[in-house]
Structures are given as C-alpha cells and as structure tokens.
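Peer 1: PDB, C-alpha atoms, file my_file.pdb:
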```pdb
ATOM      1  CA  MET A 297      30.733  69.304 -58.456
ATOM      2  CA  LYS A 298      27.243  70.582 -57.623
ATOM      3  CA  LEU A 299      27.378  73.760 -55.527
ATOM      4  CA  PRO A 300      24.881  74.087 -52.679
ATOM      5  CA  ARG A 301      22.121  76.667 -52.969
ATOM      6  CA  SER A 302      23.358  78.742 -50.006
ATOM      7  CA  LEU A 303      26.792  79.113 -51.598
ATOM      8  CA  ILE A 304      25.287  80.279 -54.907
ATOM      9  CA  ILE A 305      23.034  82.789 -53.093
ATOM     10  CA  GLY A 306      26.032  84.098 -51.111
ATOM     11  CA  ILE A 307      28.124  84.607 -54.232
ATOM     12  CA  LEU A 308      25.206  86.246 -56.080
ATOM     13  CA  GLY A 309      24.630  88.539 -53.084
ATOM     14  CA  ILE A 310      28.247  89.691 -53.112
ATOM     15  CA  ILE A 311      28.144  90.231 -56.888
ATOM     16  CA  VAL A 312      24.976  92.366 -56.567
ATOM     17  CA  ILE A 313      26.590  94.528 -53.849
ATOM     18  CA  VAL A 314      29.779  94.989 -55.860
ATOM     19  CA  VAL A 315      27.866  95.825 -59.051
ATOM     20  CA  PHE A 316      25.777  98.327 -57.092
ATOM     21  CA  VAL A 317      28.853  99.998 -55.585
ATOM     22  CA  VAL A 318      30.834 100.074 -58.863
ATOM     23  CA  TYR A 319      27.810 101.391 -60.758
ATOM     24  CA  ASN A 320      27.450 104.238 -58.243
ATOM     25  CA  ALA A 321      31.145 104.989 -58.476
ATOM     26  CA  TYR A 322      30.976 105.550 -62.208
ATOM     27  CA  CYS A 323      27.529 107.031 -62.655
ATOM     28  CA  ASN A 324      27.557 109.290 -59.600
ATOM     29  CA  TRP A 325      24.006 108.129 -58.987
ATOM     30  CA  CYS A 326      24.082 108.280 -55.223
ATOM     31  CA  THR A 327      24.408 111.373 -53.018
ATOM     32  CA  VAL A 328      27.933 110.456 -52.030
ATOM     33  CA  GLY A 329      30.573 112.008 -54.305
ATOM     34  CA  ALA A 330      32.338 109.991 -56.952
ATOM     35  CA  ASP A 331      35.687 110.604 -55.222
ATOM     36  CA  PHE A 332      34.501 108.591 -52.283
ATOM     37  CA  TYR A 333      33.997 105.518 -54.480
ATOM     38  CA  ARG A 334      37.168 106.018 -56.504
ATOM     39  CA  VAL A 335      39.264 106.021 -53.331
ATOM     40  CA  ARG A 336      37.557 102.891 -52.000
ATOM     41  CA  LEU A 337      37.290 100.849 -55.201
ATOM     42  CA  ILE A 338      40.322  98.689 -54.387
ATOM     43  CA  GLU A 339      38.881  98.060 -50.939
ATOM     44  CA  VAL A 340      35.606  97.011 -52.495
ATOM     45  CA  ILE A 341      37.467  94.453 -54.568
ATOM     46  CA  GLN A 342      39.327  93.298 -51.461
ATOM     47  CA  LEU A 343      36.028  93.040 -49.620
ATOM     48  CA  PHE A 344      34.612  90.980 -52.458
ATOM     49  CA  ALA A 345      37.607  88.625 -52.363
ATOM     50  CA  THR A 346      37.412  88.368 -48.557
ATOM     51  CA  GLY A 347      33.695  87.609 -48.755
ATOM     52  CA  LEU A 348      34.305  84.892 -51.317
ATOM     53  CA  ILE A 349      37.050  83.329 -49.179
ATOM     54  CA  ALA A 350      34.810  83.460 -46.090
ATOM     55  CA  ILE A 351      31.970  81.747 -47.940
ATOM     56  CA  TYR A 352      34.361  79.152 -49.368
ATOM     57  CA  ILE A 353      35.830  78.366 -45.931
ATOM     58  CA  ALA A 354      32.374  78.135 -44.350
ATOM     59  CA  TYR A 355      31.294  75.825 -47.164
ATOM     60  CA  MET A 356      34.369  73.585 -46.818
ATOM     61  CA  VAL A 357      34.090  73.383 -43.025
ATOM     62  CA  GLY A 358      30.375  72.567 -43.259
ATOM     63  CA  SER A 359      30.991  69.961 -45.913
ATOM     64  CA  ASN A 360      33.829  68.365 -43.894
ATOM     65  CA  ILE A 361      31.630  68.178 -40.806
ATOM     66  CA  GLN A 362      28.908  66.494 -42.859
ATOM     67  CA  ASN A 363      31.348  63.999 -44.402
ATOM     68  CA  ASP A 364      32.849  63.248 -41.010
ATOM     69  CA  GLN A 365      29.368  62.582 -39.631
ATOM     70  CA  LYS A 366      28.543  60.268 -42.549
ATOM     71  CA  ARG A 367      31.791  58.324 -42.076
ATOM     72  CA  LYS A 368      31.004  57.847 -38.393
ATOM     73  CA  GLU A 369      27.490  56.673 -39.246
ATOM     74  CA  VAL A 370      28.903  54.046 -41.629
ATOM     75  CA  LEU A 371      31.070  52.623 -38.840
ATOM     76  CA  ILE A 372      28.280  52.790 -36.283
ATOM     77  CA  ASP A 373      25.938  50.927 -38.674
ATOM     78  CA  LEU A 374      28.598  48.309 -39.213
ATOM     79  CA  ILE A 375      29.206  47.767 -35.515
ATOM     80  CA  LYS A 376      25.452  47.689 -34.875
ATOM     81  CA  LYS A 377      25.080  44.940 -37.475
ATOM     82  CA  TYR A 378      27.946  43.071 -35.804
ATOM     83  CA  ASN A 379      26.273  43.512 -32.412
ATOM     84  CA  ASP A 380      22.995  42.084 -33.772
ATOM     85  CA  ASP A 381      24.805  39.126 -35.354
ATOM     86  CA  LEU A 382      26.704  38.506 -32.132
ATOM     87  CA  ASN A 383      23.490  38.464 -30.091
ATOM     88  CA  GLU A 384      21.949  36.010 -32.511
ATOM     89  CA  LEU A 385      25.108  33.912 -32.449
ATOM     90  CA  MET A 386      25.026  33.759 -28.666
ATOM     91  CA  ASP A 387      21.360  32.716 -28.672
ATOM     92  CA  ILE A 388      22.215  29.796 -30.977
ATOM     93  CA  SER A 389      25.304  28.943 -28.925
ATOM     94  CA  TYR A 390      23.422  28.883 -25.588
ATOM     95  CA  ASP A 391      20.751  26.783 -27.251
ATOM     96  CA  TYR A 392      23.415  24.343 -28.478
ATOM     97  CA  ILE A 393      25.102  24.193 -25.073
ATOM     98  CA  SER A 394      21.819  23.368 -23.337
ATOM     99  CA  SER A 395      20.542  20.940 -25.969
ATOM    100  CA  PRO A 396      23.247  19.933 -28.492
ATOM    101  CA  ALA A 397      22.254  18.861 -31.995
ATOM    102  CA  ARG A 398      24.244  18.372 -35.199
ATOM    103  CA  GLU A 399      22.222  20.873 -37.244
ATOM    104  CA  LYS A 400      22.976  23.634 -34.706
ATOM    105  CA  GLU A 401      26.726  23.150 -35.203
ATOM    106  CA  GLY A 402      26.504  24.312 -38.816
ATOM    107  CA  LYS A 403      24.505  27.379 -37.782
ATOM    108  CA  ILE A 404      27.097  28.285 -35.161
ATOM    109  CA  LYS A 405      29.982  27.962 -37.625
ATOM    110  CA  ILE A 406      28.176  30.074 -40.231
ATOM    111  CA  SER A 407      27.290  32.719 -37.626
ATOM    112  CA  PHE A 408      30.897  32.955 -36.438
ATOM    113  CA  LYS A 409      32.019  33.268 -40.031
ATOM    114  CA  HIS A 410      29.556  36.116 -40.730
ATOM    115  CA  ALA A 411      30.519  37.979 -37.584
ATOM    116  CA  ASN A 412      34.198  37.492 -38.420
ATOM    117  CA  MET A 413      33.592  38.925 -41.907
ATOM    118  CA  LEU A 414      31.866  41.995 -40.466
ATOM    119  CA  LEU A 415      34.737  42.607 -38.063
ATOM    120  CA  GLY A 416      37.127  42.324 -41.003
ATOM    121  CA  VAL A 417      35.209  45.038 -42.840
ATOM    122  CA  ALA A 418      35.224  47.213 -39.695
ATOM    123  CA  ILE A 419      39.001  46.838 -39.364
ATOM    124  CA  LYS A 420      39.461  47.691 -43.047
ATOM    125  CA  SER A 421      37.253  50.777 -42.552
ATOM    126  CA  LYS A 422      39.363  52.172 -39.712
ATOM    127  CA  PHE A 423      40.613  54.881 -42.071
ATOM    128  CA  LEU A 424      37.125  56.434 -41.932
ATOM    129  CA  VAL A 425      37.916  57.819 -38.488
ATOM    130  CA  PRO A 426      41.617  58.689 -38.729
ATOM    131  CA  ARG A 427      43.523  59.897 -35.664
ATOM    132  CA  ASN A 428      41.090  58.149 -33.336
ATOM    133  CA  LYS A 429      43.454  55.815 -31.500
ATOM    134  CA  GLU A 430      40.969  54.957 -28.756
ATOM    135  CA  ALA A 431      38.401  53.715 -31.282
ATOM    136  CA  SER A 432      41.078  51.789 -33.142
ATOM    137  CA  ASP A 433      42.379  50.141 -29.946
ATOM    138  CA  CYS A 434      38.826  49.321 -28.930
ATOM    139  CA  LEU A 435      38.189  47.594 -32.256
ATOM    140  CA  CYS A 436      41.369  45.522 -31.826
ATOM    141  CA  SER A 437      40.156  44.468 -28.360
ATOM    142  CA  ILE A 438      36.806  43.430 -29.855
ATOM    143  CA  VAL A 439      38.630  41.266 -32.416
ATOM    144  CA  ASN A 440      40.795  39.598 -29.744
ATOM    145  CA  LEU A 441      37.811  38.953 -27.501
ATOM    146  CA  PHE A 442      35.788  37.616 -30.416
ATOM    147  CA  LEU A 443      38.514  35.100 -31.316
ATOM    148  CA  LYS A 444      38.587  34.028 -27.663
ATOM    149  CA  LEU A 445      34.816  33.620 -27.660
ATOM    150  CA  LYS A 446      34.992  31.495 -30.792
ATOM    151  CA  ARG A 447      37.543  29.271 -29.096
ATOM    152  CA  TYR A 448      35.425  28.870 -25.957
ATOM    153  CA  VAL A 449      32.322  27.976 -27.971
ATOM    154  CA  THR A 450      33.709  25.869 -30.826
ATOM    155  CA  ASP A 451      36.641  24.053 -29.262
ATOM    156  CA  THR A 452      36.069  20.586 -27.835
ATOM    157  CA  PRO A 453      33.463  19.466 -26.679
ATOM    158  CA  PHE A 454      31.883  21.224 -29.708
ATOM    159  CA  GLY A 455      31.101  18.668 -32.390
ATOM    160  CA  GLN A 456      31.405  15.627 -30.157
ATOM    161  CA  ASN A 457      28.691  13.018 -30.226
ATOM    162  CA  THR A 458      27.476  13.995 -26.769
ATOM    163  CA  PRO A 459      29.067  17.382 -26.054
ATOM    164  CA  LYS A 460      29.037  18.556 -22.470
ATOM    165  CA  TYR A 461      30.344  22.007 -21.593
ATOM    166  CA  ASP A 462      31.623  22.342 -18.038
ATOM    167  CA  ASP A 463      30.547  25.232 -15.812
ATOM    168  CA  LEU A 464      33.885  27.012 -16.078
ATOM    169  CA  GLN A 465      33.739  27.007 -19.889
ATOM    170  CA  ILE A 466      30.194  28.400 -19.809
ATOM    171  CA  THR A 467      31.336  31.106 -17.390
ATOM    172  CA  TYR A 468      34.196  32.026 -19.760
ATOM    173  CA  ILE A 469      31.729  32.220 -22.664
ATOM    174  CA  GLN A 470      29.404  34.543 -20.725
ATOM    175  CA  THR A 471      32.229  36.725 -19.436
ATOM    176  CA  THR A 472      33.817  37.101 -22.875
ATOM    177  CA  TYR A 473      30.456  37.890 -24.462
ATOM    178  CA  ASN A 474      29.792  40.578 -21.855
ATOM    179  CA  SER A 475      33.267  42.011 -22.368
ATOM    180  CA  ILE A 476      32.629  42.283 -26.114
ATOM    181  CA  LEU A 477      29.318  44.079 -25.474
ATOM    182  CA  GLY A 478      31.121  46.509 -23.166
ATOM    183  CA  LYS A 479      33.809  47.142 -25.769
ATOM    184  CA  ILE A 480      31.193  47.728 -28.465
ATOM    185  CA  TYR A 481      29.588  50.379 -26.266
ATOM    186  CA  GLU A 482      32.986  51.936 -25.598
ATOM    187  CA  TYR A 483      33.767  51.900 -29.322
ATOM    188  CA  ARG A 484      30.542  53.779 -30.103
ATOM    189  CA  MET A 485      31.432  56.439 -27.523
ATOM    190  CA  HIS A 486      34.931  56.841 -28.954
ATOM    191  CA  ILE A 487      33.553  57.213 -32.469
ATOM    192  CA  TYR A 488      31.342  60.137 -31.408
ATOM    193  CA  LYS A 489      34.003  61.734 -29.226
TER     194      LYS A 489
ATOM    195  CA  MET B 242      54.520  24.874 -53.854
ATOM    196  CA  ILE B 243      51.373  22.812 -53.589
ATOM    197  CA  THR B 244      47.866  24.121 -53.046
ATOM    198  CA  ILE B 245      45.126  22.569 -50.958
ATOM    199  CA  ASP B 246      41.693  24.062 -51.418
ATOM    200  CA  ILE B 247      39.636  22.846 -48.472
ATOM    201  CA  LEU B 248      36.307  23.442 -50.230
ATOM    202  CA  LYS B 249      37.267  21.570 -53.407
ATOM    203  CA  ASP B 250      39.611  18.934 -51.999
ATOM    204  CA  PHE B 251      38.053  18.143 -48.635
ATOM    205  CA  SER B 252      34.609  19.437 -47.660
ATOM    206  CA  ALA B 253      32.294  22.437 -47.579
ATOM    207  CA  THR B 254      31.342  21.460 -44.036
ATOM    208  CA  PRO B 255      34.509  20.791 -42.021
ATOM    209  CA  GLY B 256      33.637  19.000 -38.798
ATOM    210  CA  ALA B 257      35.066  18.809 -35.302
ATOM    211  CA  ARG B 258      38.324  17.477 -33.783
ATOM    212  CA  TYR B 259      38.575  13.699 -33.977
ATOM    213  CA  ILE B 260      37.478  11.130 -36.554
ATOM    214  CA  THR B 261      35.291   9.613 -33.830
ATOM    215  CA  ASP B 262      33.415  12.956 -33.568
ATOM    216  CA  GLY B 263      31.960  12.591 -37.069
ATOM    217  CA  PRO B 264      32.801  13.208 -40.732
ATOM    218  CA  TYR B 265      35.382  15.716 -42.053
ATOM    219  CA  SER B 266      37.200  16.162 -38.771
ATOM    220  CA  GLY B 267      40.480  18.011 -38.255
ATOM    221  CA  GLU B 268      42.219  14.711 -37.554
ATOM    222  CA  ASP B 269      40.912  13.293 -40.843
ATOM    223  CA  PHE B 270      42.078  16.379 -42.760
ATOM    224  CA  ARG B 271      45.533  16.241 -41.158
ATOM    225  CA  ASP B 272      45.942  12.519 -41.880
ATOM    226  CA  ARG B 273      44.804  12.722 -45.496
ATOM    227  CA  PHE B 274      46.169  16.078 -46.643
ATOM    228  CA  LEU B 275      48.941  17.352 -44.379
ATOM    229  CA  ASP B 276      50.896  14.504 -42.772
ATOM    230  CA  GLY B 277      52.248  13.270 -46.111
ATOM    231  CA  HIS B 278      53.964  16.582 -46.812
ATOM    232  CA  PHE B 279      55.773  16.551 -43.481
ATOM    233  CA  ALA B 280      56.878  12.903 -43.338
ATOM    234  CA  ASP B 281      60.011  13.750 -45.336
ATOM    235  CA  HIS B 282      62.014  15.958 -42.975
ATOM    236  CA  ALA B 283      64.048  17.411 -45.825
ATOM    237  CA  ALA B 284      60.989  18.684 -47.712
ATOM    238  CA  ASP B 285      60.686  22.457 -47.505
ATOM    239  CA  TYR B 286      58.266  23.388 -50.289
ATOM    240  CA  LYS B 287      55.426  25.717 -49.365
ATOM    241  CA  ILE B 288      51.884  24.506 -48.800
ATOM    242  CA  LYS B 289      49.175  26.983 -49.697
ATOM    243  CA  ILE B 290      45.891  26.376 -47.881
ATOM    244  CA  ILE B 291      42.810  28.039 -49.367
ATOM    245  CA  LEU B 292      40.213  28.416 -46.630
ATOM    246  CA  ASP B 293      37.383  30.197 -48.448
ATOM    247  CA  GLY B 294      33.990  28.850 -49.451
ATOM    248  CA  THR B 295      33.201  26.533 -46.561
ATOM    249  CA  GLU B 296      30.448  27.082 -43.990
ATOM    250  CA  GLY B 297      33.131  28.036 -41.440
ATOM    251  CA  TYR B 298      35.595  26.310 -39.155
ATOM    252  CA  ALA B 299      35.245  25.165 -35.575
ATOM    253  CA  THR B 300      38.253  25.815 -33.366
ATOM    254  CA  SER B 301      38.410  22.070 -32.637
ATOM    255  CA  PHE B 302      38.901  21.340 -36.364
ATOM    256  CA  LEU B 303      41.593  23.964 -36.881
ATOM    257  CA  GLU B 304      43.395  23.161 -33.651
ATOM    258  CA  GLU B 305      43.539  19.442 -34.350
ATOM    259  CA  ALA B 306      44.520  19.818 -38.013
ATOM    260  CA  PHE B 307      47.216  22.497 -37.667
ATOM    261  CA  GLY B 308      47.987  22.536 -33.940
ATOM    262  CA  GLY B 309      48.107  18.738 -34.016
ATOM    263  CA  LEU B 310      50.550  18.867 -36.928
ATOM    264  CA  ALA B 311      52.732  21.353 -35.037
ATOM    265  CA  ARG B 312      52.770  19.034 -32.010
ATOM    266  CA  LYS B 313      54.040  16.257 -34.298
ATOM    267  CA  TYR B 314      56.529  18.110 -36.507
ATOM    268  CA  GLY B 315      57.354  21.324 -34.668
ATOM    269  CA  LYS B 316      55.847  24.816 -34.626
ATOM    270  CA  GLN B 317      58.479  26.584 -36.665
ATOM    271  CA  ARG B 318      58.469  24.017 -39.429
ATOM    272  CA  CYS B 319      54.712  24.403 -39.791
ATOM    273  CA  LEU B 320      54.813  28.195 -39.642
ATOM    274  CA  ASP B 321      57.564  28.282 -42.278
ATOM    275  CA  ARG B 322      55.805  26.024 -44.736
ATOM    276  CA  PHE B 323      52.180  27.077 -44.577
ATOM    277  CA  GLU B 324      50.632  29.975 -46.408
ATOM    278  CA  PHE B 325      47.008  30.543 -45.466
ATOM    279  CA  ILE B 326      44.650  32.300 -47.852
ATOM    280  CA  SER B 327      41.296  33.670 -46.726
ATOM    281  CA  GLU B 328      39.563  36.438 -48.612
ATOM    282  CA  GLU B 329      36.380  35.968 -46.608
ATOM    283  CA  GLU B 330      37.608  35.880 -43.031
ATOM    284  CA  GLU B 331      40.229  38.494 -42.310
ATOM    285  CA  PHE B 332      41.383  36.915 -39.052
ATOM    286  CA  LEU B 333      41.338  33.232 -39.962
ATOM    287  CA  PRO B 334      45.041  32.964 -40.959
ATOM    288  CA  ARG B 335      46.007  34.755 -37.752
ATOM    289  CA  GLU B 336      43.759  32.419 -35.753
ATOM    290  CA  ILE B 337      45.367  29.293 -37.267
ATOM    291  CA  LYS B 338      48.899  30.623 -36.730
ATOM    292  CA  ASP B 339      47.933  31.226 -33.127
ATOM    293  CA  TYR B 340      46.857  27.575 -32.771
ATOM    294  CA  ILE B 341      50.189  26.476 -34.237
ATOM    295  CA  GLU B 342      52.197  28.781 -31.967
ATOM    296  CA  HIS B 343      50.284  27.679 -28.872
ATOM    297  CA  CYS B 344      49.892  24.060 -29.875
ATOM    298  CA  ASN B 345      51.105  22.822 -26.513
ATOM    299  CA  ASP B 346      48.901  25.112 -24.433
ATOM    300  CA  LYS B 347      45.703  23.821 -23.024
ATOM    301  CA  LEU B 348      42.512  25.773 -23.475
ATOM    302  CA  GLU B 349      42.273  28.272 -20.609
ATOM    303  CA  THR B 350      39.163  26.635 -19.235
ATOM    304  CA  LYS B 351      40.865  23.244 -19.061
ATOM    305  CA  LYS B 352      43.747  24.449 -16.881
TER     306      LYS B 352
END
```
Show me, as structure tokens, the structure contained in the file I just sent.
Peer 2:
Amino acid sequence: MKLPRSLIIGILGIIVIVVFVVYNAYCNWCTVGADFYRVRLIEVIQLFATGLIAIYIAYMVGSNIQNDQKRKEVLIDLIKKYNDDLNELMDISYDYISSPAREKEGKIKISFKHANMLLGVAIKSKFLVPRNKEASDCLCSIVNLFLKLKRYVTDTPFGQNTPKYDDLQITYIQTTYNSILGKIYEYRMHIYK
Amino acid sequence: MITIDILKDFSATPGARYITDGPYSGEDFRDRFLDGHFADHAADYKIKIILDGTEGYATSFLEEAFGGLARKYGKQRCLDRFEFISEEEEFLPREIKDYIEHCNDKLETKK
C-alpha cells in the first residue's frame, strides 16, 4: 500500500520531536533539568502513540471519504449514460411513431436492450452506496417504469405493417418517460445525500 | 430438459406479434418451438430458453410467444416448465414471467 505524502511527513515530524526530546533527556543539552525529562519520558511515548493514532484515524477517514465519493461518481456516471441512452431511445421512438419504418424497429429494440443492460449494471452496483434505501428504492422505480415504457412502445401496434399508435398510448409513453426522468433526478439527489 | 437458443434456433432479429406482421414473429416462434412441448398434457420436463445474442425483443413478440402459450395451456404450467436465461438483460426473464402471469390482462392503454 502506498502511503500518502502527508502521512509520511506527519510520522517523520513526530519522530523528529521524540528524538529531540529523548536526546535532551539523556544529554542534558537543554536548560531544563534532566529530571524533568526522566519524569515525562513515558508521557512522551504516550504522546507519540496518540499522535500516530490521530494521524492514522485522519488518514482512514480521509481515505474513506474519497472512496465514498468515487463510488458515488461511478453510479452517477452510469445513470447519466442511461439517461443519455433513454433520451436517444425516445427520439427514435417518437420518430417511429410519427413515421413508421421497418429499419427503425431494429434500432428501437437494440436501444431498449442497451438501456436494459445499463440498468442491470446499476442494480448490480447498488452495493456501492450501502445503507441508502431511498436511492435503492428509486432505482427499483426506474426499472419498473422502464419496463412499462418498453411495453407501451414495443407492444402492438409496434411491428405491424401499418402501425398506428392511438393518442392514449402516446400519452402513456410521454408520461412514463417524464416519470423516469423525474426518478433519475431524484436518484441523483439521493446518491449525494 | 430441452434447450432452445433463440439466436441459434430461431433468429437474431425476432419480429413482432403475428405471422401477418412479418418474419420471425412471436406467433411463429410459439407455433414452431413451444406448442409441441405442451401438446402432451402429461409432459413436465423443463424447457430452457436462452435469450442472449439477439438484437432485442419487442413486447409484442414476447407477449404473443409466452403470454399466448399461457392463454392456451395455463399460466402455472408455463411458469413451472420454463427456465429463462439472459446474461445480457437482467430484467428480461422477469419481464417474460410478467407477461405469462398477466396473459389475460389487456395493455393498460387498451382498457
């Protein structure tokens, strides 16, 4: 494990102080009498140990905060990628609904598959933010809404020779899409809570 | 147990719901690959369906293939006999089981 520079400097600093104090205690170099140092030698060692523990704790806390931040960033990147894919997917879907064509069907299926895969990775990465029930619940809602959206877009009339989506189905698609966007926003807030 | 690999045995580009909608439809898949295993009511061997490798599945395909089968032979019988494998799409098996369980429901927008 590579120790950070600040930790090494801290430890070296404490060693220098202790060496200085112990040297004075034995060589009577300073103006203070040797008895003073002899009485306090055990305390100096205790101080050294306390200093080391303090530096170690500060280092561990700092390192945990950094790791926690990195874990959150991984999830945020993942959900951002999902958000981008979803937007693209909706563009293709709206395009298909307004002017259906066979070649667009393949694109829609592939896009749903990619987005589904990303959500799968996000669900598997839930352990990165443990004890965050709100974020976890939010992710589950996104999955449920996404499966609903897929059904609204790719169930019949999808794939028919002349598909025609009725107004209610289009409304459901828009509403579900907006709900997912809202949940994504909520998820981001819960991650950084 | 028998295994059906949709990519190898059927198509890399599964289509829509009915045969009249175009090639590789859910109805076509059900007729050619699934119906035969359910015709004998005593048969209870497992059917493993490998879903990976295709370009993806439309709901209309999945609903007609598996939901349609459940409408014909019963939900529980289908749920008991199928084992769905998808390494790529985490939620695909759950999605198909949902279509089987709600095979008699109409799509919300059609109510």
Peer 1: Which residue, A:Asn360, A:Pro396, A:Asp391, A:Asp451, has the smallest gap to Gly267 (chain B) when you use only C-alpha atoms?
Peer 2: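 Among A:Asn360, A:Pro396, A:Asp391, A:Asp451, it is A:Asp451 that comes nearest to Gly267 (chain B).
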Peer 1: Find the distance between CA of Glu401 (chain A) and CA of Gly455 (chain A) and write it in Å to one decimal.
Peer 2: 6.9 Å
Peer 1: With the PyMOL selection byres ((chain A) within 10 of (chain B)) as the selection, what would be picked from this file? Answer as a PyMOL selection string, please.
Peer 2: chain A and resi 398+401-417+419-420+439-440+443-444+446-459+462-469
Peer 1: Written as a list in words, which residues does the PyMOL selection byres ((chain B and resi 292) around 7) give for the file shown?
Peer 2: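 Selection result, ordered by chain and number: Asp246, Ile247, Ile290, Ile291, Asp293, Gly294, Ile326 and Ser327 of chain B.
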Peer 1: If the PyMOL selection byres ((chain B and resi 274) around 12) were run on this exact file, what residues would it hold? Put them as JSON, numbers by chain.
Peer 2: {"B": [243, 244, 245, 246, 247, 250, 251, 265, 266, 267, 268, 269, 270, 271, 272, 273, 275, 276, 277, 278, 279, 280, 288, 289, 290, 306, 307, 310]}
Peer 1: Write region 378-396 of chain A as a PDB file, in the frame of the given file, completed to N, CA, C and O atoms.
Peer 2:
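Generated file (result_14.pdb):
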```
ATOM      1  N   TYR A 378      27.112  44.084 -36.473  1.00  0.00           N
ATOM      2  CA  TYR A 378      27.946  43.071 -35.804  1.00  0.00           C
ATOM      3  C   TYR A 378      27.339  42.700 -34.449  1.00  0.00           C
ATOM      4  O   TYR A 378      27.263  41.525 -34.093  1.00  0.00           O
ATOM      5  N   ASN A 379      26.893  43.724 -33.723  1.00  0.00           N
ATOM      6  CA  ASN A 379      26.273  43.512 -32.412  1.00  0.00           C
ATOM      7  C   ASN A 379      25.029  42.613 -32.538  1.00  0.00           C
ATOM      8  O   ASN A 379      24.846  41.672 -31.761  1.00  0.00           O
ATOM      9  N   ASP A 380      24.202  42.894 -33.548  1.00  0.00           N
ATOM     10  CA  ASP A 380      22.995  42.084 -33.772  1.00  0.00           C
ATOM     11  C   ASP A 380      23.371  40.633 -34.085  1.00  0.00           C
ATOM     12  O   ASP A 380      22.775  39.691 -33.552  1.00  0.00           O
ATOM     13  N   ASP A 381      24.368  40.479 -34.979  1.00  0.00           N
ATOM     14  CA  ASP A 381      24.805  39.126 -35.354  1.00  0.00           C
ATOM     15  C   ASP A 381      25.366  38.380 -34.149  1.00  0.00           C
ATOM     16  O   ASP A 381      25.141  37.181 -33.991  1.00  0.00           O
ATOM     17  N   LEU A 382      26.100  39.121 -33.322  1.00  0.00           N
ATOM     18  CA  LEU A 382      26.704  38.506 -32.132  1.00  0.00           C
ATOM     19  C   LEU A 382      25.614  38.027 -31.168  1.00  0.00           C
ATOM     20  O   LEU A 382      25.695  36.915 -30.621  1.00  0.00           O
ATOM     21  N   ASN A 383      24.593  38.854 -30.984  1.00  0.00           N
ATOM     22  CA  ASN A 383      23.490  38.464 -30.091  1.00  0.00           C
ATOM     23  C   ASN A 383      22.804  37.193 -30.585  1.00  0.00           C
ATOM     24  O   ASN A 383      22.512  36.280 -29.808  1.00  0.00           O
ATOM     25  N   GLU A 384      22.604  37.169 -31.906  1.00  0.00           N
ATOM     26  CA  GLU A 384      21.949  36.010 -32.511  1.00  0.00           C
ATOM     27  C   GLU A 384      22.840  34.764 -32.349  1.00  0.00           C
ATOM     28  O   GLU A 384      22.360  33.679 -32.001  1.00  0.00           O
ATOM     29  N   LEU A 385      24.135  34.990 -32.581  1.00  0.00           N
ATOM     30  CA  LEU A 385      25.108  33.912 -32.449  1.00  0.00           C
ATOM     31  C   LEU A 385      25.116  33.339 -31.036  1.00  0.00           C
ATOM     32  O   LEU A 385      25.166  32.116 -30.830  1.00  0.00           O
ATOM     33  N   MET A 386      25.012  34.219 -30.053  1.00  0.00           N
ATOM     34  CA  MET A 386      25.026  33.759 -28.666  1.00  0.00           C
ATOM     35  C   MET A 386      23.749  32.998 -28.325  1.00  0.00           C
ATOM     36  O   MET A 386      23.791  32.020 -27.575  1.00  0.00           O
ATOM     37  N   ASP A 387      22.619  33.453 -28.897  1.00  0.00           N
ATOM     38  CA  ASP A 387      21.360  32.716 -28.672  1.00  0.00           C
ATOM     39  C   ASP A 387      21.497  31.276 -29.170  1.00  0.00           C
ATOM     40  O   ASP A 387      21.115  30.329 -28.481  1.00  0.00           O
ATOM     41  N   ILE A 388      22.052  31.145 -30.401  1.00  0.00           N
ATOM     42  CA  ILE A 388      22.215  29.796 -30.977  1.00  0.00           C
ATOM     43  C   ILE A 388      23.204  28.987 -30.145  1.00  0.00           C
ATOM     44  O   ILE A 388      23.004  27.800 -29.895  1.00  0.00           O
ATOM     45  N   SER A 389      24.275  29.656 -29.702  1.00  0.00           N
ATOM     46  CA  SER A 389      25.304  28.943 -28.925  1.00  0.00           C
ATOM     47  C   SER A 389      24.749  28.437 -27.592  1.00  0.00           C
ATOM     48  O   SER A 389      24.973  27.286 -27.211  1.00  0.00           O
ATOM     49  N   TYR A 390      24.015  29.304 -26.870  1.00  0.00           N
ATOM     50  CA  TYR A 390      23.422  28.883 -25.588  1.00  0.00           C
ATOM     51  C   TYR A 390      22.441  27.730 -25.809  1.00  0.00           C
ATOM     52  O   TYR A 390      22.361  26.800 -25.002  1.00  0.00           O
ATOM     53  N   ASP A 391      21.708  27.833 -26.922  1.00  0.00           N
ATOM     54  CA  ASP A 391      20.751  26.783 -27.251  1.00  0.00           C
ATOM     55  C   ASP A 391      21.490  25.458 -27.487  1.00  0.00           C
ATOM     56  O   ASP A 391      21.061  24.397 -27.010  1.00  0.00           O
ATOM     57  N   TYR A 392      22.621  25.547 -28.196  1.00  0.00           N
ATOM     58  CA  TYR A 392      23.415  24.343 -28.478  1.00  0.00           C
ATOM     59  C   TYR A 392      24.004  23.762 -27.187  1.00  0.00           C
ATOM     60  O   TYR A 392      24.000  22.548 -26.982  1.00  0.00           O
ATOM     61  N   ILE A 393      24.483  24.658 -26.329  1.00  0.00           N
ATOM     62  CA  ILE A 393      25.102  24.193 -25.073  1.00  0.00           C
ATOM     63  C   ILE A 393      24.065  23.457 -24.208  1.00  0.00           C
ATOM     64  O   ILE A 393      24.341  22.418 -23.619  1.00  0.00           O
ATOM     65  N   SER A 394      22.842  24.001 -24.186  1.00  0.00           N
ATOM     66  CA  SER A 394      21.819  23.368 -23.337  1.00  0.00           C
ATOM     67  C   SER A 394      21.213  22.129 -23.989  1.00  0.00           C
ATOM     68  O   SER A 394      20.882  21.169 -23.294  1.00  0.00           O
ATOM     69  N   SER A 395      21.066  22.143 -25.304  1.00  0.00           N
ATOM     70  CA  SER A 395      20.542  20.940 -25.969  1.00  0.00           C
ATOM     71  C   SER A 395      21.267  20.752 -27.310  1.00  0.00           C
ATOM     72  O   SER A 395      20.785  21.222 -28.348  1.00  0.00           O
ATOM     73  N   PRO A 396      22.424  20.088 -27.283  1.00  0.00           N
ATOM     74  CA  PRO A 396      23.247  19.933 -28.492  1.00  0.00           C
ATOM     75  C   PRO A 396      22.537  19.146 -29.597  1.00  0.00           C
ATOM     76  O   PRO A 396      21.794  18.204 -29.305  1.00  0.00           O
TER      77      PRO A 396
END
```
